[in-house]
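Listing of run.pdb, PDB, C-alpha atoms and all ligand atoms
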```pdb
ATOM      1  CA  MET A  16    -120.641 -38.293-218.281
ATOM      2  CA  LYS A  17    -122.571 -36.970-215.333
ATOM      3  CA  ILE A  18    -122.860 -40.475-213.852
ATOM      4  CA  PHE A  19    -119.140 -40.996-214.341
ATOM      5  CA  LEU A  20    -118.281 -37.722-212.628
ATOM      6  CA  THR A  21    -120.565 -38.577-209.741
ATOM      7  CA  ALA A  22    -118.820 -41.946-209.400
ATOM      8  CA  LEU A  23    -115.468 -40.207-209.502
ATOM      9  CA  ALA A  24    -116.519 -37.666-206.892
ATOM     10  CA  ALA A  25    -117.653 -40.545-204.687
ATOM     11  CA  SER A  26    -114.351 -42.361-205.083
ATOM     12  CA  LEU A  27    -112.409 -39.215-204.230
ATOM     13  CA  LEU A  28    -114.541 -38.852-201.157
ATOM     14  CA  ILE A  29    -113.659 -42.419-200.161
ATOM     15  CA  LEU A  30    -110.026 -41.453-200.501
ATOM     16  CA  GLY A  31    -110.665 -38.525-198.234
ATOM     17  CA  CYS A  32    -109.567 -36.273-201.029
ATOM     18  CA  SER A  33    -109.726 -32.534-200.814
ATOM     19  CA  LYS A  34    -110.590 -30.977-204.136
ATOM     20  CA  LYS A  35    -110.399 -27.336-205.038
ATOM     21  CA  ASP A  36    -111.824 -26.581-208.432
ATOM     22  CA  GLU A  37    -111.027 -23.186-209.839
ATOM     23  CA  ASN A  38    -111.087 -21.387-213.166
ATOM     24  CA  SER A  39    -113.714 -23.863-214.278
ATOM     25  CA  SER A  40    -116.617 -23.470-216.582
ATOM     26  CA  SER A  41    -119.559 -25.791-217.127
ATOM     27  CA  SER A  42    -120.374 -24.293-220.518
ATOM     28  CA  PRO A  43    -120.238 -27.003-223.199
ATOM     29  CA  SER A  44    -118.623 -24.570-225.650
ATOM     30  CA  LYS A  45    -115.569 -24.584-223.413
ATOM     31  CA  SER A  46    -115.332 -28.385-223.325
ATOM     32  CA  LYS A  47    -112.053 -28.276-225.267
ATOM     33  CA  GLU A  48    -110.430 -26.161-222.575
ATOM     34  CA  LYS A  49    -107.176 -27.690-221.330
ATOM     35  CA  VAL A  50    -107.314 -29.224-217.848
ATOM     36  CA  PHE A  51    -104.213 -29.353-215.642
ATOM     37  CA  VAL A  52    -104.289 -31.079-212.259
ATOM     38  CA  MET A  53    -102.012 -30.410-209.316
ATOM     39  CA  ILE A  54    -101.482 -33.438-207.043
ATOM     40  CA  PRO A  55     -99.634 -32.703-203.779
ATOM     41  CA  LYS A  56     -98.305 -35.421-201.470
ATOM     42  CA  GLY A  57    -101.491 -35.002-199.435
ATOM     43  CA  VAL A  58    -103.524 -32.408-197.570
ATOM     44  CA  HIS A  59    -101.026 -29.929-196.082
ATOM     45  CA  PRO A  60    -100.904 -26.116-195.811
ATOM     46  CA  TYR A  61     -97.456 -26.145-197.445
ATOM     47  CA  TYR A  62     -99.143 -26.707-200.816
ATOM     48  CA  GLU A  63    -101.543 -23.743-200.625
ATOM     49  CA  PRO A  64     -99.153 -21.211-202.210
ATOM     50  CA  CYS A  65     -98.121 -23.863-204.775
ATOM     51  CA  TYR A  66    -101.736 -24.071-205.894
ATOM     52  CA  GLU A  67    -102.134 -20.281-205.781
ATOM     53  CA  GLY A  68     -99.356 -20.011-208.378
ATOM     54  CA  PHE A  69    -100.830 -22.866-210.430
ATOM     55  CA  LYS A  70    -104.301 -21.328-210.363
ATOM     56  CA  ASP A  71    -103.087 -17.798-211.190
ATOM     57  CA  ALA A  72    -101.035 -19.054-214.134
ATOM     58  CA  GLY A  73    -104.027 -21.144-215.267
ATOM     59  CA  ALA A  74    -106.178 -17.989-215.230
ATOM     60  CA  LYS A  75    -103.552 -16.126-217.225
ATOM     61  CA  TYR A  76    -103.191 -18.802-219.912
ATOM     62  CA  GLY A  77    -106.835 -19.915-220.044
ATOM     63  CA  VAL A  78    -106.244 -23.373-218.561
ATOM     64  CA  LYS A  79    -108.709 -24.990-216.175
ATOM     65  CA  THR A  80    -106.846 -25.977-213.014
ATOM     66  CA  GLU A  81    -107.746 -28.501-210.320
ATOM     67  CA  TYR A  82    -106.192 -29.532-207.026
ATOM     68  CA  LEU A  83    -106.601 -33.101-205.794
ATOM     69  CA  ALA A  84    -105.091 -34.017-202.444
ATOM     70  CA  ALA A  85    -105.261 -37.338-200.614
ATOM     71  CA  LYS A  86    -105.963 -37.130-196.906
ATOM     72  CA  ALA A  87    -102.779 -38.906-195.820
ATOM     73  CA  PHE A  88     -99.281 -38.975-197.264
ATOM     74  CA  GLU A  89     -99.686 -42.521-198.626
ATOM     75  CA  VAL A  90     -98.388 -43.756-201.972
ATOM     76  CA  PRO A  91    -101.446 -45.897-202.906
ATOM     77  CA  GLN A  92    -103.684 -42.844-202.422
ATOM     78  CA  GLU A  93    -101.494 -40.716-204.669
ATOM     79  CA  VAL A  94    -101.512 -43.503-207.282
ATOM     80  CA  GLU A  95    -105.301 -43.768-207.129
ATOM     81  CA  ILE A  96    -105.660 -40.051-207.785
ATOM     82  CA  ILE A  97    -103.388 -40.352-210.849
ATOM     83  CA  GLU A  98    -105.474 -43.266-212.119
ATOM     84  CA  ASN A  99    -108.674 -41.276-211.679
ATOM     85  CA  VAL A 100    -107.372 -38.340-213.682
ATOM     86  CA  ILE A 101    -106.055 -40.665-216.419
ATOM     87  CA  ALA A 102    -109.599 -42.024-216.735
ATOM     88  CA  ARG A 103    -110.862 -38.456-217.137
ATOM     89  CA  HIS A 104    -108.321 -37.707-219.904
ATOM     90  CA  VAL A 105    -106.982 -34.529-218.351
ATOM     91  CA  ASP A 106    -104.237 -32.783-220.326
ATOM     92  CA  GLY A 107    -101.529 -32.287-217.721
ATOM     93  CA  ILE A 108    -100.483 -33.440-214.252
ATOM     94  CA  ALA A 109     -98.089 -31.668-211.882
ATOM     95  CA  ILE A 110     -97.299 -33.981-208.990
ATOM     96  CA  SER A 111     -95.264 -33.685-205.802
ATOM     97  CA  ALA A 112     -93.910 -37.226-205.545
ATOM     98  CA  LEU A 113     -94.331 -39.022-202.273
ATOM     99  CA  ASP A 114     -92.094 -41.805-203.532
ATOM    100  CA  ASP A 115     -89.896 -42.525-206.535
ATOM    101  CA  GLN A 116     -90.320 -46.212-207.495
ATOM    102  CA  GLY A 117     -93.905 -46.365-206.250
ATOM    103  CA  LEU A 118     -95.078 -43.814-208.813
ATOM    104  CA  VAL A 119     -93.227 -45.211-211.845
ATOM    105  CA  PRO A 120     -96.103 -47.375-213.199
ATOM    106  CA  ALA A 121     -98.834 -44.732-212.742
ATOM    107  CA  ILE A 122     -96.743 -41.990-214.365
ATOM    108  CA  GLU A 123     -95.932 -44.352-217.223
ATOM    109  CA  GLU A 124     -99.621 -45.147-217.694
ATOM    110  CA  ALA A 125    -100.476 -41.424-217.765
ATOM    111  CA  THR A 126     -97.708 -40.761-220.277
ATOM    112  CA  LYS A 127     -98.941 -43.599-222.529
ATOM    113  CA  ALA A 128    -102.416 -42.075-222.344
ATOM    114  CA  GLY A 129    -100.968 -38.879-223.835
ATOM    115  CA  ILE A 130    -101.076 -36.869-220.603
ATOM    116  CA  LYS A 131     -98.106 -34.589-219.930
ATOM    117  CA  VAL A 132     -96.676 -35.283-216.472
ATOM    118  CA  ILE A 133     -94.189 -33.157-214.592
ATOM    119  CA  THR A 134     -93.085 -33.153-210.959
ATOM    120  CA  PHE A 135     -92.958 -30.073-208.772
ATOM    121  CA  ASP A 136     -91.630 -29.775-205.171
ATOM    122  CA  ALA A 137     -90.580 -33.441-204.978
ATOM    123  CA  PRO A 138     -89.103 -35.302-207.973
ATOM    124  CA  ALA A 139     -89.563 -38.914-209.049
ATOM    125  CA  PRO A 140     -86.258 -39.404-210.861
ATOM    126  CA  SER A 141     -86.955 -42.996-212.009
ATOM    127  CA  SER A 142     -90.262 -42.048-213.627
ATOM    128  CA  LYS A 143     -91.149 -40.717-217.062
ATOM    129  CA  ALA A 144     -92.011 -37.260-215.670
ATOM    130  CA  LEU A 145     -90.802 -34.670-218.186
ATOM    131  CA  THR A 146     -89.136 -32.304-215.728
ATOM    132  CA  TYR A 147     -88.798 -31.436-212.047
ATOM    133  CA  ILE A 148     -89.574 -27.897-210.901
ATOM    134  CA  GLY A 149     -88.481 -26.973-207.388
ATOM    135  CA  THR A 150     -85.701 -26.690-204.858
ATOM    136  CA  MET A 151     -82.314 -28.292-205.498
ATOM    137  CA  ASN A 152     -82.753 -30.286-202.346
ATOM    138  CA  GLU A 153     -79.305 -31.632-201.573
ATOM    139  CA  ALA A 154     -77.796 -28.159-201.924
ATOM    140  CA  ALA A 155     -80.555 -26.666-199.781
ATOM    141  CA  GLY A 156     -79.951 -29.259-197.039
ATOM    142  CA  TYR A 157     -76.255 -28.390-197.200
ATOM    143  CA  SER A 158     -76.979 -24.651-196.813
ATOM    144  CA  GLY A 159     -79.282 -25.385-193.877
ATOM    145  CA  ALA A 160     -76.454 -27.223-192.125
ATOM    146  CA  GLU A 161     -73.999 -24.380-192.814
ATOM    147  CA  GLU A 162     -76.376 -21.944-191.146
ATOM    148  CA  LEU A 163     -76.957 -24.274-188.208
ATOM    149  CA  ILE A 164     -73.221 -24.863-187.652
ATOM    150  CA  LYS A 165     -72.795 -21.117-186.978
ATOM    151  CA  ILE A 166     -75.542 -21.078-184.357
ATOM    152  CA  MET A 167     -74.314 -24.314-182.723
ATOM    153  CA  ASN A 168     -70.703 -23.022-182.666
ATOM    154  CA  GLY A 169     -69.683 -26.168-184.469
ATOM    155  CA  GLU A 170     -70.479 -28.652-181.699
ATOM    156  CA  GLY A 171     -73.201 -30.576-179.896
ATOM    157  CA  GLU A 172     -76.114 -32.917-180.552
ATOM    158  CA  VAL A 173     -78.719 -32.381-183.229
ATOM    159  CA  ALA A 174     -81.868 -34.363-184.036
ATOM    160  CA  VAL A 175     -83.549 -34.398-187.431
ATOM    161  CA  LEU A 176     -87.296 -34.705-188.033
ATOM    162  CA  GLN A 177     -88.593 -35.672-191.459
ATOM    163  CA  GLY A 178     -92.108 -35.977-192.931
ATOM    164  CA  GLY A 179     -91.938 -39.412-194.576
ATOM    165  CA  LEU A 180     -88.815 -41.396-195.332
ATOM    166  CA  GLY A 181     -89.644 -42.320-198.937
ATOM    167  CA  ALA A 182     -89.643 -39.005-200.788
ATOM    168  CA  PRO A 183     -86.465 -38.247-202.754
ATOM    169  CA  ASN A 184     -86.721 -34.505-202.027
ATOM    170  CA  LEU A 185     -86.537 -35.023-198.239
ATOM    171  CA  ASN A 186     -83.885 -37.722-198.451
ATOM    172  CA  ASP A 187     -81.752 -35.455-200.644
ATOM    173  CA  ARG A 188     -82.052 -32.668-198.062
ATOM    174  CA  PHE A 189     -80.931 -35.022-195.326
ATOM    175  CA  LYS A 190     -78.041 -36.221-197.487
ATOM    176  CA  GLY A 191     -76.821 -32.633-198.041
ATOM    177  CA  PHE A 192     -77.306 -31.783-194.363
ATOM    178  CA  GLU A 193     -75.351 -34.814-193.176
ATOM    179  CA  ARG A 194     -72.548 -34.295-195.729
ATOM    180  CA  CYS A 195     -72.082 -30.669-194.675
ATOM    181  CA  LEU A 196     -71.777 -31.619-190.993
ATOM    182  CA  ARG A 197     -69.280 -34.338-191.873
ATOM    183  CA  GLU A 198     -67.210 -31.939-193.961
ATOM    184  CA  LYS A 199     -67.437 -28.779-191.878
ATOM    185  CA  ALA A 200     -68.390 -29.670-188.298
ATOM    186  CA  PRO A 201     -67.258 -33.148-187.214
ATOM    187  CA  ASN A 202     -68.055 -32.200-183.610
ATOM    188  CA  ILE A 203     -71.763 -31.978-184.341
ATOM    189  CA  ARG A 204     -73.449 -35.357-183.927
ATOM    190  CA  ILE A 205     -76.808 -36.382-185.409
ATOM    191  CA  VAL A 206     -78.300 -38.339-182.499
ATOM    192  CA  ALA A 207     -81.677 -39.143-184.087
ATOM    193  CA  ARG A 208     -83.598 -39.017-187.352
ATOM    194  CA  GLU A 209     -87.328 -39.486-186.867
ATOM    195  CA  ASP A 210     -90.242 -39.844-189.286
ATOM    196  CA  GLU A 211     -93.278 -37.737-188.372
ATOM    197  CA  GLN A 212     -95.293 -38.624-191.516
ATOM    198  CA  GLY A 213     -95.942 -35.006-192.464
ATOM    199  CA  LYS A 214     -98.147 -34.488-189.387
ATOM    200  CA  ILE A 215     -98.017 -31.757-186.767
ATOM    201  CA  ASP A 216     -99.384 -33.882-183.904
ATOM    202  CA  ILE A 217     -96.814 -36.619-184.512
ATOM    203  CA  THR A 218     -94.090 -33.944-184.688
ATOM    204  CA  VAL A 219     -95.154 -32.624-181.272
ATOM    205  CA  ASN A 220     -95.003 -36.128-179.751
ATOM    206  CA  LYS A 221     -91.694 -36.989-181.385
ATOM    207  CA  THR A 222     -90.137 -33.727-180.188
ATOM    208  CA  GLU A 223     -91.224 -34.429-176.590
ATOM    209  CA  ALA A 224     -89.721 -37.916-176.843
ATOM    210  CA  LEU A 225     -86.470 -36.549-178.274
ATOM    211  CA  ILE A 226     -86.108 -34.070-175.416
ATOM    212  CA  GLN A 227     -86.625 -36.888-172.898
ATOM    213  CA  ALA A 228     -84.242 -39.278-174.627
ATOM    214  CA  HIS A 229     -81.473 -36.746-175.269
ATOM    215  CA  PRO A 230     -81.050 -34.370-172.314
ATOM    216  CA  ASN A 231     -78.081 -32.692-174.012
ATOM    217  CA  LEU A 232     -79.907 -32.059-177.246
ATOM    218  CA  LYS A 233     -78.676 -28.734-178.586
ATOM    219  CA  ALA A 234     -80.672 -28.424-181.803
ATOM    220  CA  ILE A 235     -83.555 -29.771-183.868
ATOM    221  CA  PHE A 236     -83.536 -29.511-187.637
ATOM    222  CA  GLY A 237     -86.650 -30.089-189.742
ATOM    223  CA  VAL A 238     -86.425 -31.245-193.328
ATOM    224  CA  SER A 239     -90.132 -30.700-193.939
ATOM    225  CA  ALA A 240     -92.684 -27.965-193.380
ATOM    226  CA  GLU A 241     -94.527 -29.159-190.266
ATOM    227  CA  VAL A 242     -91.398 -29.586-188.151
ATOM    228  CA  CYS A 243     -90.837 -26.002-187.012
ATOM    229  CA  PRO A 244     -94.504 -25.397-186.040
ATOM    230  CA  GLY A 245     -94.802 -28.789-184.285
ATOM    231  CA  ALA A 246     -91.433 -28.704-182.526
ATOM    232  CA  ALA A 247     -91.950 -25.049-181.495
ATOM    233  CA  ALA A 248     -95.221 -25.999-179.787
ATOM    234  CA  ALA A 249     -93.526 -28.902-177.969
ATOM    235  CA  LEU A 250     -90.562 -26.767-176.878
ATOM    236  CA  LYS A 251     -92.932 -24.136-175.486
ATOM    237  CA  GLN A 252     -94.904 -26.766-173.573
ATOM    238  CA  GLN A 253     -91.671 -28.011-171.996
ATOM    239  CA  GLY A 254     -90.342 -24.522-171.241
ATOM    240  CA  LYS A 255     -87.453 -25.181-173.630
ATOM    241  CA  GLU A 256     -88.144 -22.433-176.167
ATOM    242  CA  GLY A 257     -84.978 -20.554-177.034
ATOM    243  CA  LYS A 258     -82.965 -23.182-175.113
ATOM    244  CA  VAL A 259     -82.988 -25.788-177.868
ATOM    245  CA  ILE A 260     -82.042 -24.367-181.284
ATOM    246  CA  LEU A 261     -84.799 -24.960-183.822
ATOM    247  CA  ALA A 262     -84.551 -24.529-187.590
ATOM    248  CA  GLY A 263     -85.759 -26.143-190.758
ATOM    249  CA  PHE A 264     -87.557 -25.952-194.053
ATOM    250  CA  ASP A 265     -90.455 -23.749-195.041
ATOM    251  CA  ASP A 266     -92.231 -20.619-194.031
ATOM    252  CA  LEU A 267     -95.607 -21.719-192.691
ATOM    253  CA  PRO A 268     -97.237 -18.910-190.655
ATOM    254  CA  ASP A 269     -96.428 -20.598-187.307
ATOM    255  CA  THR A 270     -92.781 -20.907-188.317
ATOM    256  CA  LEU A 271     -92.613 -17.197-189.104
ATOM    257  CA  ALA A 272     -94.324 -16.448-185.780
ATOM    258  CA  GLY A 273     -91.689 -18.657-184.137
ATOM    259  CA  ILE A 274     -88.913 -16.621-185.771
ATOM    260  CA  ARG A 275     -90.470 -13.359-184.579
ATOM    261  CA  GLY A 276     -90.883 -14.840-181.085
ATOM    262  CA  ASP A 277     -87.354 -16.315-180.804
ATOM    263  CA  VAL A 278     -88.475 -19.958-180.750
ATOM    264  CA  VAL A 279     -87.322 -20.704-184.294
ATOM    265  CA  ASN A 280     -83.802 -19.580-185.251
ATOM    266  CA  PHE A 281     -84.223 -19.633-189.031
ATOM    267  CA  CYS A 282     -86.130 -21.283-191.815
ATOM    268  CA  ILE A 283     -85.419 -22.113-195.427
ATOM    269  CA  ALA A 284     -88.238 -20.739-197.546
ATOM    270  CA  GLN A 285     -88.932 -22.519-200.815
ATOM    271  CA  ARG A 286     -90.467 -20.648-203.741
ATOM    272  CA  THR A 287     -93.762 -22.471-203.661
ATOM    273  CA  TYR A 288     -95.828 -19.957-205.664
ATOM    274  CA  LYS A 289     -93.207 -20.016-208.400
ATOM    275  CA  MET A 290     -93.273 -23.851-208.475
ATOM    276  CA  GLY A 291     -97.017 -23.760-209.173
ATOM    277  CA  TRP A 292     -96.802 -20.966-211.730
ATOM    278  CA  LEU A 293     -93.960 -22.599-213.682
ATOM    279  CA  SER A 294     -95.771 -25.949-213.604
ATOM    280  CA  VAL A 295     -98.537 -24.506-215.806
ATOM    281  CA  GLU A 296     -96.053 -22.840-218.154
ATOM    282  CA  LYS A 297     -93.980 -26.004-218.547
ATOM    283  CA  LEU A 298     -97.046 -28.228-219.078
ATOM    284  CA  LEU A 299     -98.141 -25.861-221.849
ATOM    285  CA  GLU A 300     -94.680 -26.050-223.411
ATOM    286  CA  ALA A 301     -94.804 -29.844-223.195
ATOM    287  CA  MET A 302     -98.168 -29.823-224.985
ATOM    288  CA  ASP A 303     -96.480 -27.791-227.748
ATOM    289  CA  ASN A 304     -93.830 -30.546-227.907
ATOM    290  CA  LYS A 305     -91.088 -28.221-226.709
ATOM    291  CA  PRO A 306     -88.208 -30.004-224.952
ATOM    292  CA  LEU A 307     -88.015 -29.394-221.199
ATOM    293  CA  PRO A 308     -84.838 -29.346-219.092
ATOM    294  CA  LYS A 309     -84.393 -32.238-216.669
ATOM    295  CA  GLU A 310     -84.847 -29.896-213.713
ATOM    296  CA  ILE A 311     -85.699 -26.276-213.029
ATOM    297  CA  ASP A 312     -84.282 -24.709-209.876
ATOM    298  CA  THR A 313     -86.752 -22.339-208.220
ATOM    299  CA  GLY A 314     -84.280 -21.315-205.475
ATOM    300  CA  VAL A 315     -84.578 -20.885-201.703
ATOM    301  CA  LEU A 316     -84.201 -18.054-199.220
ATOM    302  CA  ILE A 317     -82.917 -18.237-195.639
ATOM    303  CA  ILE A 318     -85.298 -16.373-193.347
ATOM    304  CA  THR A 319     -84.169 -14.999-189.981
ATOM    305  CA  LYS A 320     -85.489 -12.286-187.708
ATOM    306  CA  ALA A 321     -83.656  -9.774-189.926
ATOM    307  CA  ASN A 322     -85.735 -10.403-193.064
ATOM    308  CA  VAL A 323     -88.853 -12.154-191.766
ATOM    309  CA  ASP A 324     -91.032  -9.118-192.416
ATOM    310  CA  THR A 325     -89.645  -8.173-195.830
ATOM    311  CA  TYR A 326     -88.766 -11.370-197.735
ATOM    312  CA  MET A 327     -92.276 -11.997-199.033
ATOM    313  CA  GLN A 328     -92.355  -8.697-200.944
ATOM    314  CA  GLU A 329     -89.048  -9.710-202.553
ATOM    315  CA  MET A 330     -90.403 -13.125-203.524
ATOM    316  CA  LYS A 331     -93.592 -11.665-204.994
ATOM    317  CA  LYS A 332     -91.902  -8.972-207.102
ATOM    318  CA  GLU A 333     -91.226 -11.493-209.837
ATOM    319  CA  PHE A 334     -94.937 -12.107-210.294
ATOM    320  CA  ALA A 335     -96.271  -8.564-209.788
ATOM    321  CA  LYS A 336     -99.273  -8.175-212.039
TER
HETATM  322  C1  LIG A 401     -91.627 -30.391-198.716
HETATM  323  C2  LIG A 401     -92.856 -31.079-199.205
HETATM  324  C3  LIG A 401     -93.616 -31.672-198.051
HETATM  325  C4  LIG A 401     -93.909 -30.602-197.042
HETATM  326  C5  LIG A 401     -94.722 -31.095-195.883
HETATM  327  C6  LIG A 401     -91.912 -29.467-197.589
HETATM  328  O1  LIG A 401     -90.701 -29.067-197.060
HETATM  329  O2  LIG A 401     -91.016 -29.682-199.770
HETATM  330  O3  LIG A 401     -92.492 -32.086-200.119
HETATM  331  O4  LIG A 401     -94.819 -32.231-198.501
HETATM  332  O5  LIG A 401     -92.677 -30.097-196.573
HETATM  333  O6  LIG A 401     -94.157 -32.193-195.255
END
```
Represent the supplied structure as structure tokens.
Amino acid sequence: MKIFLTALAASLLILGCSKKDENSSSSPSKSKEKVFVMIPKGVHPYYEPCYEGFKDAGAKYGVKTEYLAAKAFEVPQEVEIIENVIARHVDGIAISALDDQGLVPAIEEATKAGIKVITFDAPAPSSKALTYIGTMNEAAGYSGAEELIKIMNGEGEVAVLQGGLGAPNLNDRFKGFERCLREKAPNIRIVAREDEQGKIDITVNKTEALIQAHPNLKAIFGVSAEVCPGAAAALKQQGKEGKVILAGFDDLPDTLAGIRGDVVNFCIAQRTYKMGWLSVEKLLEAMDNKPLPKEIDTGVLIITKANVDTYMQEMKKEFAK
């Protein structure tokens, strides 16, 4: 067993995996303890509160929780992590899907091995995952556009930045965003949609290029978490902060700082802690053979300067200990 675990640790290292291991016990008497693994798309601060919720719920229900993140947002790396945890016979997997079709075989293999698999944050609708827990992405993209239309006064050029073009959650957001503009603001034109692979440095470079290529650019909208921090940094460097409207998904600390400092107009906060917490509860229900709904909406909140300092208390009330 020890040799196997060492081999596994080595292979995770090769993958560049980051592993947080909490609520664990090495005592052999606890060897029957349930083990649930959270697999994000890759290393990214967005997933920290997701794992906080997962870990806290694990502590409450006596489940050992683990977090295994590939270094880059790459489908083969996510698949390899699933295969590793299948080999270890874990009890449950909560995965944020980087891709739909690309994960179908691995999720099927896990299911056949008797492991309960659910998706959180990003669904894999073609797979055998038992449920999806997270934002209703198309609706959230639509709401983002509605908010942006008001700030843009219904006209002008907007560019969209997206962290990976394969994930259904991000594509659904874009779909809702685009549909809303078509329906409610035909005078707003999407002049670019760029992939920044979930990386801040690429977001900075892409933002600079967008500003060069589109001198009349009125707004930038981010469908993933790194966009507001990365684009805010680029706008500041170019002296364009507050001159180009910036908004998008998620409430990373730099995005909130951007809202306080008038560089970011608004953000759409997802209920990440809740996604992690519910993932443990739903995996436990699945292990008890209870039927799960196809999807569970965790809801979003629009954050502006008006509620940036108070929304977190509201979000946390639900889980007050
Ligand atoms: C998405 C995640 C993504 C993260 C970082 C979030 O908006 O919900 O799926 O991994 O941004 O790109």
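Between ligand LIG 401 (chain A) and the residues A:Ile283, A:Ala248, A:Val105, A:Val259, the shortest atom-to-atom distance, using all atoms listed in the file, involves A:Ile283.
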Residues within 10 Å of ligand LIG 401 (chain A), counting all atoms listed in the file, as JSON, numbers by chain:
{"A": [55, 56, 57, 58, 59, 60, 61, 62, 88, 111, 112, 113, 135, 136, 137, 138, 149, 150, 152, 177, 178, 179, 182, 183, 184, 185, 188, 211, 212, 213, 214, 215, 237, 238, 239, 240, 241, 242, 263, 264, 265, 266, 267, 283, 284, 285, 286, 287]}
Tell me, as a ChimeraX atom specification, which residues lie within 8 Å of His104 (chain A), counting only C-alpha atoms; anything in the same chain fewer than 3 positions away does not count.
/A:100-101,128,130
Go through the shown structure with the PyMOL selection byres (((chain A and resi 289) around 9) and not hetatm) and write out the matching residues as a list in words.
Pro64, Cys65, Gly68, Phe69, Gly149, Arg286, Thr287, Tyr288, Met290, Gly291, Trp292, Leu293, Ser294, Thr313, Met330, Glu333 and Phe334 of chain A
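As for CA of Asn231 (chain A) and CA of Arg275 (chain A), they are spaced 25.3 Å apart.
Reported to one decimal place, the separation of CA of Glu193 (chain A) from CA of Gln227 (chain A) is 23.3 Å.
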If we count all atoms listed in the file, what is near Val175 (chain A) at a cut-off of 12 Å, once residues fewer than 4 positions away on the same chain are taken out, given as a ChimeraX atom specification?
/A:156,159-160,180,185-186,188-190,192-193,204-211,218,221-222,225,232-239,242-243,246,260-264
Put those residues in a file: C-alpha atoms, as a CSV table (one decimal), in the coordinates of the input.
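Saved to again.csv:
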```
chain,number,residue,atom,x,y,z
A,156,GLY,CA,-80.0,-29.3,-197.0
A,159,GLY,CA,-79.3,-25.4,-193.9
A,160,ALA,CA,-76.5,-27.2,-192.1
A,180,LEU,CA,-88.8,-41.4,-195.3
A,185,LEU,CA,-86.5,-35.0,-198.2
A,186,ASN,CA,-83.9,-37.7,-198.5
A,188,ARG,CA,-82.1,-32.7,-198.1
A,189,PHE,CA,-80.9,-35.0,-195.3
A,190,LYS,CA,-78.0,-36.2,-197.5
A,192,PHE,CA,-77.3,-31.8,-194.4
A,193,GLU,CA,-75.4,-34.8,-193.2
A,204,ARG,CA,-73.4,-35.4,-183.9
A,205,ILE,CA,-76.8,-36.4,-185.4
A,206,VAL,CA,-78.3,-38.3,-182.5
A,207,ALA,CA,-81.7,-39.1,-184.1
A,208,ARG,CA,-83.6,-39.0,-187.4
A,209,GLU,CA,-87.3,-39.5,-186.9
A,210,ASP,CA,-90.2,-39.8,-189.3
A,211,GLU,CA,-93.3,-37.7,-188.4
A,218,THR,CA,-94.1,-33.9,-184.7
A,221,LYS,CA,-91.7,-37.0,-181.4
A,222,THR,CA,-90.1,-33.7,-180.2
A,225,LEU,CA,-86.5,-36.5,-178.3
A,232,LEU,CA,-79.9,-32.1,-177.2
A,233,LYS,CA,-78.7,-28.7,-178.6
A,234,ALA,CA,-80.7,-28.4,-181.8
A,235,ILE,CA,-83.6,-29.8,-183.9
A,236,PHE,CA,-83.5,-29.5,-187.6
A,237,GLY,CA,-86.6,-30.1,-189.7
A,238,VAL,CA,-86.4,-31.2,-193.3
A,239,SER,CA,-90.1,-30.7,-193.9
A,242,VAL,CA,-91.4,-29.6,-188.2
A,243,CYS,CA,-90.8,-26.0,-187.0
A,246,ALA,CA,-91.4,-28.7,-182.5
A,260,ILE,CA,-82.0,-24.4,-181.3
A,261,LEU,CA,-84.8,-25.0,-183.8
A,262,ALA,CA,-84.6,-24.5,-187.6
A,263,GLY,CA,-85.8,-26.1,-190.8
A,264,PHE,CA,-87.6,-26.0,-194.1
```
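With all atoms listed in the file as the atoms that count, the residue of A:Gln116, A:Thr134, A:Ile318, A:Asn220 with the shortest distance to Ile148 (chain A) is A:Thr134.
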Selection result for the PyMOL selection byres (((chain A and resi 307) around 10) and not hetatm) on this file, as a short mmCIF file (atom, residue, chain, number, x, y, z; two decimals) with C-alpha atoms, in the frame of the given file:
```
data_model
loop_
_atom_site.label_atom_id
_atom_site.label_comp_id
_atom_site.auth_asym_id
_atom_site.auth_seq_id
_atom_site.Cartn_x
_atom_site.Cartn_y
_atom_site.Cartn_z
CA ILE A 133 -94.19 -33.16 -214.59
CA LEU A 145 -90.80 -34.67 -218.19
CA THR A 146 -89.14 -32.30 -215.73
CA TYR A 147 -88.80 -31.44 -212.05
CA LYS A 297 -93.98 -26.00 -218.55
CA LEU A 298 -97.05 -28.23 -219.08
CA GLU A 300 -94.68 -26.05 -223.41
CA ALA A 301 -94.80 -29.84 -223.20
CA ASN A 304 -93.83 -30.55 -227.91
CA LYS A 305 -91.09 -28.22 -226.71
CA PRO A 306 -88.21 -30.00 -224.95
CA PRO A 308 -84.84 -29.35 -219.09
CA LYS A 309 -84.39 -32.24 -216.67
CA GLU A 310 -84.85 -29.90 -213.71
CA ILE A 311 -85.70 -26.28 -213.03
#
```
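CA of Gly169 (chain A) to CA of Phe281 (chain A) spans 16.6 Å [interatomic distance, one decimal].
Shortest separation to Glu153 (chain A) among A:Leu176, A:Met53, A:Cys195, A:Ala125 occurs at residue A:Cys195, atoms counted being all atoms listed in the file.
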